[in-house]
>>> print(open('my_file.tsv').read())   # TSV, C-alpha atoms
chain	number	residue	atom	x	y	z
A	1220	MET	CA	0.00	0.00	0.00
A	1221	THR	CA	1.41	3.38	-0.95
A	1222	ALA	CA	1.73	6.10	1.67
A	1223	SER	CA	-0.91	8.18	-0.13
A	1224	ARG	CA	-3.47	5.38	0.02
A	1225	ALA	CA	-2.64	4.65	3.64
A	1226	LEU	CA	-3.44	8.26	4.51
A	1227	GLY	CA	-6.78	7.99	2.70
A	1228	LEU	CA	-5.86	10.43	-0.06
A	1229	THR	CA	-7.40	9.99	-3.47
A	1230	LEU	CA	-4.96	9.41	-6.30
A	1231	LEU	CA	-6.25	10.72	-9.62
A	1232	ALA	CA	-5.01	10.08	-13.12
A	1233	SER	CA	-6.94	10.99	-16.20
A	1234	CYS	CA	-10.37	10.59	-14.64
A	1235	ALA	CA	-9.57	7.19	-13.17
A	1236	THR	CA	-9.18	6.61	-9.48
A	1237	ALA	CA	-7.53	4.07	-7.26
A	1238	GLY	CA	-9.35	2.50	-4.36
A	1239	GLY	CA	-12.87	3.05	-5.71
A	1240	VAL	CA	-13.24	6.83	-5.27
A	1241	ASP	CA	-14.92	8.79	-8.09
A	1242	PRO	CA	-13.26	12.17	-8.73
A	1243	GLY	CA	-16.62	13.89	-9.37
A	1244	LEU	CA	-15.97	15.36	-12.81
A	1245	ASP	CA	-18.19	17.76	-14.77
A	1246	GLY	CA	-20.67	15.18	-16.07
A	1247	SER	CA	-20.03	15.81	-19.77
A	1248	THR	CA	-20.81	13.01	-22.23
A	1249	ILE	CA	-18.64	11.97	-25.14
A	1250	ASP	CA	-20.12	10.15	-28.16
A	1251	ALA	CA	-18.24	6.92	-28.87
A	1252	ARG	CA	-17.42	5.02	-32.03
A	1253	THR	CA	-17.04	1.29	-32.45
A	1254	GLY	CA	-13.52	-0.04	-31.77
A	1255	PHE	CA	-11.88	-3.42	-31.82
A	1256	ASP	CA	-10.24	-5.79	-29.32
A	1257	ALA	CA	-6.58	-5.48	-30.31
A	1258	ALA	CA	-3.59	-3.86	-28.64
A	1259	PRO	CA	-3.08	-0.28	-29.81
A	1260	ALA	CA	0.09	1.36	-30.93
A	1261	VAL	CA	1.96	2.62	-27.87
A	1262	ASP	CA	-0.10	5.42	-26.33
A	1263	ALA	CA	-2.42	5.61	-29.32
A	1264	VAL	CA	-4.93	8.43	-29.04
A	1265	SER	CA	-8.47	7.18	-28.56
A	1266	SER	CA	-11.45	9.22	-29.71
A	1267	VAL	CA	-13.71	7.06	-27.50
A	1268	CYS	CA	-13.75	8.45	-23.94
A	1269	PRO	CA	-10.36	10.11	-24.40
A	1270	SER	CA	-8.01	10.99	-21.56
A	1271	ALA	CA	-4.44	12.19	-21.19
A	1272	ALA	CA	-3.35	8.84	-19.70
A	1273	THR	CA	-0.30	7.18	-21.24
A	1274	CYS	CA	1.68	4.07	-20.42
A	1275	PRO	CA	4.85	5.95	-19.33
A	1276	THR	CA	2.79	8.09	-16.92
A	1277	ALA	CA	0.61	5.25	-15.61
A	1278	MET	CA	-0.80	5.56	-12.08
A	1279	MET	CA	0.93	3.18	-9.64
A	1280	LEU	CA	-1.69	1.18	-7.75
A	1281	GLY	CA	0.71	-0.69	-5.46
A	1282	SER	CA	2.03	-4.24	-5.38
A	1283	VAL	CA	0.70	-7.78	-5.13
A	1284	SER	CA	2.47	-11.10	-4.70
A	1285	GLY	CA	2.43	-13.18	-7.87
A	1286	ASP	CA	3.13	-16.51	-6.17
A	1287	THR	CA	1.80	-16.38	-2.58
A	1288	ALA	CA	-1.38	-15.21	-0.87
A	1289	ASN	CA	-4.15	-13.74	-3.02
A	1290	MET	CA	-3.86	-9.96	-2.81
A	1291	LYS	CA	-6.15	-7.58	-4.70
A	1292	LEU	CA	-6.03	-3.92	-5.73
A	1293	SER	CA	-8.85	-1.91	-7.31
A	1294	ALA	CA	-9.53	1.20	-9.35
A	1295	MET	CA	-12.50	2.80	-11.08
A	1296	GLY	CA	-13.09	5.46	-13.72
A	1297	HIS	CA	-15.13	6.41	-16.76
A	1298	GLN	CA	-12.48	7.04	-19.45
A	1299	SER	CA	-9.44	5.31	-20.89
A	1300	ALA	CA	-6.71	4.79	-18.28
A	1301	TRP	CA	-3.27	3.28	-17.64
A	1302	PHE	CA	-2.14	1.72	-14.36
A	1303	ARG	CA	1.01	0.06	-13.09
A	1304	VAL	CA	1.23	-2.72	-10.50
A	1305	ARG	CA	4.38	-4.31	-9.10
A	1306	VAL	CA	3.98	-8.10	-9.08
A	1307	THR	CA	6.51	-9.56	-6.64
A	1308	GLU	CA	8.08	-13.00	-6.36
A	1309	ASP	CA	7.84	-14.09	-2.73
A	1310	ASP	CA	8.16	-17.88	-2.81
A	1311	SER	CA	11.79	-19.07	-2.74
A	1312	ASP	CA	11.33	-22.83	-2.52
A	1313	VAL	CA	13.30	-25.23	-4.72
A	1314	ILE	CA	10.07	-26.06	-6.53
A	1315	GLY	CA	9.33	-23.17	-8.85
A	1316	LEU	CA	6.08	-21.30	-9.16
A	1317	THR	CA	5.06	-19.07	-12.03
A	1318	LEU	CA	4.07	-15.50	-11.19
A	1319	ARG	CA	0.44	-14.80	-11.94
A	1320	ALA	CA	-1.58	-11.60	-12.21
A	1321	ALA	CA	-5.14	-11.08	-13.42
A	1322	ALA	CA	-6.87	-7.85	-14.44
A	1323	LYS	CA	-10.68	-8.08	-14.23
A	1324	LEU	CA	-12.70	-5.18	-15.66
A	1325	THR	CA	-16.45	-4.73	-15.27
A	1326	SER	CA	-17.91	-2.24	-17.74
A	1327	PRO	CA	-20.98	-0.07	-17.13
A	1328	ALA	CA	-24.16	-0.64	-19.13
A	1329	THR	CA	-23.52	2.25	-21.56
A	1330	VAL	CA	-19.89	1.61	-22.57
A	1331	ASP	CA	-17.82	-1.44	-23.46
A	1332	PHE	CA	-14.29	-1.22	-22.03
A	1333	ASP	CA	-11.56	-3.83	-22.47
A	1334	VAL	CA	-8.48	-4.45	-20.33
A	1335	PHE	CA	-4.99	-5.17	-21.70
A	1336	VAL	CA	-1.98	-6.40	-19.72
A	1337	TYR	CA	1.63	-5.65	-20.70
A	1338	VAL	CA	4.62	-7.42	-19.08
A	1339	ASN	CA	8.23	-7.74	-20.22
A	1340	THR	CA	8.66	-11.37	-19.16
A	1341	GLY	CA	12.38	-11.45	-20.04
A	1342	SER	CA	13.67	-8.44	-18.09
A	1343	ASN	CA	12.61	-6.03	-15.38
A	1344	VAL	CA	11.69	-3.07	-17.59
A	1345	VAL	CA	8.30	-1.44	-18.12
A	1346	GLU	CA	6.45	-2.82	-21.13
A	1347	CYS	CA	4.00	-0.66	-23.09
A	1348	SER	CA	3.62	-2.30	-26.49
A	1349	THR	CA	3.35	-6.11	-26.29
A	1350	THR	CA	0.31	-7.58	-24.57
A	1351	VAL	CA	0.44	-10.86	-22.65
A	1352	GLY	CA	-2.08	-13.21	-21.17
A	1353	THR	CA	-5.33	-14.92	-22.00
A	1354	THR	CA	-8.50	-12.85	-22.21
A	1355	THR	CA	-12.06	-13.99	-21.57
A	1356	THR	CA	-15.26	-11.98	-21.81
A	1357	THR	CA	-18.54	-12.82	-20.08
A	1358	GLY	CA	-21.27	-10.20	-20.41
A	1359	THR	CA	-19.82	-6.89	-19.19
A	1360	VAL	CA	-16.78	-8.55	-17.54
A	1361	ASN	CA	-13.47	-8.68	-19.43
A	1362	GLU	CA	-10.58	-10.51	-17.71
A	1363	THR	CA	-6.95	-10.99	-18.74
A	1364	ARG	CA	-4.77	-13.52	-16.89
A	1365	ALA	CA	-1.00	-13.48	-17.33
A	1366	GLU	CA	1.71	-15.90	-16.15
A	1367	TRP	CA	5.51	-15.70	-16.41
A	1368	GLY	CA	8.69	-16.72	-14.63
A	1369	GLU	CA	9.97	-20.06	-13.47
A	1370	GLY	CA	8.41	-23.43	-14.13
A	1371	THR	CA	8.51	-26.52	-11.92
A	1372	ILE	CA	12.13	-25.86	-10.87
A	1373	ALA	CA	13.16	-22.53	-9.34
A	1374	ASN	CA	15.37	-20.46	-11.64
A	1375	GLY	CA	17.28	-18.64	-8.88
A	1376	SER	CA	16.41	-15.16	-10.12
A	1377	ASP	CA	13.78	-12.62	-9.15
A	1378	ASP	CA	10.96	-12.72	-11.71
A	1379	GLY	CA	9.07	-9.79	-10.12
A	1380	ARG	CA	7.91	-7.27	-12.74
A	1381	ASP	CA	6.11	-3.97	-13.17
A	1382	VAL	CA	2.89	-4.78	-14.99
A	1383	SER	CA	1.22	-2.12	-17.18
A	1384	ILE	CA	-2.57	-2.31	-17.38
A	1385	GLU	CA	-4.61	-0.43	-19.95
A	1386	VAL	CA	-8.35	0.21	-19.71
A	1387	ARG	CA	-9.56	1.00	-23.21
A	1388	PRO	CA	-13.09	2.04	-24.29
A	1389	ILE	CA	-14.34	0.07	-27.27
A	1390	SER	CA	-17.87	1.35	-27.89
A	1391	GLY	CA	-20.76	3.16	-26.27
A	1392	THR	CA	-21.36	6.54	-24.64
A	1393	CYS	CA	-19.12	7.69	-21.78
A	1394	ALA	CA	-20.57	9.56	-18.82
A	1395	VAL	CA	-19.19	10.39	-15.39
A	1396	GLY	CA	-21.85	8.35	-13.59
A	1397	GLN	CA	-21.19	5.28	-15.76
A	1398	THR	CA	-17.96	3.93	-14.27
A	1399	TRP	CA	-15.94	0.82	-14.90
A	1400	GLN	CA	-14.51	-1.24	-12.03
A	1401	LEU	CA	-11.01	-2.73	-12.24
A	1402	GLU	CA	-9.68	-5.45	-9.93
A	1403	ILE	CA	-6.06	-6.60	-10.04
A	1404	GLU	CA	-5.43	-9.99	-8.41
A	1405	GLY	CA	-2.02	-11.48	-7.70
A	1406	ASN	CA	-1.58	-15.26	-7.61
A	1407	TRP	CA	-5.10	-15.78	-8.98
A	1408	ASN	CA	-6.88	-19.05	-8.36
>>> encode(input="my_file.tsv", output="structure tokens")
Amino acid sequence: MTASRALGLTLLASCATAGGVDPGLDGSTIDARTGFDAAPAVDAVSSVCPSAATCPTAMMLGSVSGDTANMKLSAMGHQSAWFRVRVTEDDSDVIGLTLRAAAKLTSPATVDFDVFVYVNTGSNVVECSTTVGTTTTTGTVNETRAEWGEGTIANGSDDGRDVSIEVRPISGTCAVGQTWQLEIEGNWN
């Protein structure tokens, strides 16, 4: 938990909020166009629910263990957004465990948002262009699950990574009162 969240302060980034607090924006509505479910060019400008959010300036939500416990972080908003989460490797047994992180996004009734996960699985640098994971969609819920790191035998190195998470509007009409809900889960079941 970051010091700001521990003090109960609201962290804002491009009309998205961490910890489930709505920033209370002006209530304007933006007409949307139909999009597609593919990764964009790095920091591509979206005309659907646009925001100033970019991958390099993503809001840090905190950290979760990718191989122990079952920690969760959350955020909400009504426009496109970028977040960063540190997924840590905490199990040091001889038997290896992959690191796992899931991003689950629930869209409002008026807008279809999708969630994309970016991880550089080979080195500890921020990734903004290559998506990873398996995505499933059920109704208004879009979930991407990613795994990386060691297999059945420990590799002796720290596989912890900064994970970039993009919330992208696909279609519909954006409005301040119509928010999406994002849940990040480490070591998902």
>>> closest_residue(input="my_file.tsv", among="A:Arg1319, A:Thr1371, A:Ala1271, A:Val1344", to="Met1290 of chain A", atoms="all atoms listed in the file")
A:Arg1319
>>> atom_distance(input="my_file.tsv", atom1="atom CA of Val1351 of chain A", atom2="atom CA of Gln1400 of chain A")
20.7 Å
>>> closest_residue(input="my_file.tsv", among="A:Ala1272, A:Ala1277, A:Met1295, A:Ala1321", to="Glu1404 of chain A", atoms="all atoms listed in the file")
A:Ala1321
>>> atom_distance(input="my_file.tsv", atom1="atom CA of Asn1361 of chain A", atom2="atom CA of Leu1316 of chain A")
25.4 Å
>>> closest_residue(input="my_file.tsv", among="A:Pro1269, A:Leu1324, A:Met1278, A:Arg1305", to="Thr1363 of chain A", atoms="all atoms listed in the file")
A:Leu1324
>>> residues_near_point(input="my_file.tsv", point="(-1.4, -4.8, -3.3)", cutoff="10 Å", atoms="only C-alpha atoms", output="JSON, numbers by chain")
{"A": [1220, 1221, 1280, 1281, 1282, 1283, 1284, 1289, 1290, 1291, 1292, 1293, 1304, 1305, 1306, 1307, 1403, 1404, 1405]}
>>> atom_distance(input="my_file.tsv", atom1="atom CA of Gly1341 of chain A", atom2="atom CA of Glu1362 of chain A")
23.1 Å
>>> build_atoms(input="my_file.tsv", residues="segment 1295-1319 of chain A", atoms="N, CA and C atoms", output="tab-separated table (two decimals), in the frame of the given file")
chain	number	residue	atom	x	y	z
A	1295	MET	N	-11.28	2.56	-10.32
A	1295	MET	CA	-12.50	2.80	-11.08
A	1295	MET	C	-12.33	4.09	-11.87
A	1296	GLY	N	-13.13	4.25	-12.90
A	1296	GLY	CA	-13.09	5.46	-13.72
A	1296	GLY	C	-14.15	5.40	-14.80
A	1297	HIS	N	-14.13	6.40	-15.68
A	1297	HIS	CA	-15.13	6.41	-16.76
A	1297	HIS	C	-14.50	6.71	-18.12
A	1298	GLN	N	-13.18	6.79	-18.19
A	1298	GLN	CA	-12.48	7.04	-19.45
A	1298	GLN	C	-11.36	6.02	-19.62
A	1299	SER	N	-10.62	6.15	-20.71
A	1299	SER	CA	-9.44	5.31	-20.89
A	1299	SER	C	-8.46	5.61	-19.76
A	1300	ALA	N	-7.64	4.61	-19.39
A	1300	ALA	CA	-6.71	4.79	-18.28
A	1300	ALA	C	-5.55	3.81	-18.39
A	1301	TRP	N	-4.44	4.16	-17.75
A	1301	TRP	CA	-3.27	3.28	-17.64
A	1301	TRP	C	-2.90	3.18	-16.17
A	1302	PHE	N	-2.57	1.96	-15.73
A	1302	PHE	CA	-2.14	1.72	-14.36
A	1302	PHE	C	-0.87	0.88	-14.37
A	1303	ARG	N	-0.16	0.92	-13.27
A	1303	ARG	CA	1.01	0.06	-13.09
A	1303	ARG	C	0.89	-0.63	-11.73
A	1304	VAL	N	1.24	-1.91	-11.72
A	1304	VAL	CA	1.23	-2.72	-10.50
A	1304	VAL	C	2.55	-3.48	-10.45
A	1305	ARG	N	3.17	-3.50	-9.28
A	1305	ARG	CA	4.38	-4.31	-9.10
A	1305	ARG	C	3.93	-5.69	-8.66
A	1306	VAL	N	4.28	-6.72	-9.43
A	1306	VAL	CA	3.98	-8.10	-9.08
A	1306	VAL	C	5.28	-8.70	-8.57
A	1307	THR	N	5.29	-9.09	-7.29
A	1307	THR	CA	6.51	-9.56	-6.64
A	1307	THR	C	6.59	-11.08	-6.60
A	1308	GLU	N	7.84	-11.57	-6.55
A	1308	GLU	CA	8.08	-13.00	-6.36
A	1308	GLU	C	8.45	-13.19	-4.90
A	1309	ASP	N	7.64	-13.94	-4.17
A	1309	ASP	CA	7.84	-14.09	-2.73
A	1309	ASP	C	8.12	-15.51	-2.29
A	1310	ASP	N	7.90	-16.49	-3.14
A	1310	ASP	CA	8.16	-17.88	-2.81
A	1310	ASP	C	9.57	-18.23	-3.27
A	1311	SER	N	10.41	-18.76	-2.37
A	1311	SER	CA	11.79	-19.07	-2.74
A	1311	SER	C	12.11	-20.56	-2.56
A	1312	ASP	N	11.10	-21.39	-2.62
A	1312	ASP	CA	11.33	-22.83	-2.52
A	1312	ASP	C	12.07	-23.36	-3.74
A	1313	VAL	N	12.60	-24.58	-3.62
A	1313	VAL	CA	13.30	-25.23	-4.72
A	1313	VAL	C	12.33	-25.52	-5.87
A	1314	ILE	N	11.10	-25.84	-5.51
A	1314	ILE	CA	10.07	-26.06	-6.53
A	1314	ILE	C	9.60	-24.69	-7.01
A	1315	GLY	N	9.67	-24.48	-8.30
A	1315	GLY	CA	9.33	-23.17	-8.85
A	1315	GLY	C	7.84	-22.95	-9.01
A	1316	LEU	N	7.46	-21.70	-8.91
A	1316	LEU	CA	6.08	-21.30	-9.16
A	1316	LEU	C	6.09	-20.15	-10.15
A	1317	THR	N	5.17	-20.20	-11.12
A	1317	THR	CA	5.06	-19.07	-12.03
A	1317	THR	C	4.43	-17.90	-11.28
A	1318	LEU	N	4.74	-16.68	-11.72
A	1318	LEU	CA	4.07	-15.50	-11.19
A	1318	LEU	C	2.79	-15.32	-11.99
A	1319	ARG	N	1.73	-14.94	-11.29
A	1319	ARG	CA	0.44	-14.80	-11.94
A	1319	ARG	C	-0.22	-13.50	-11.51
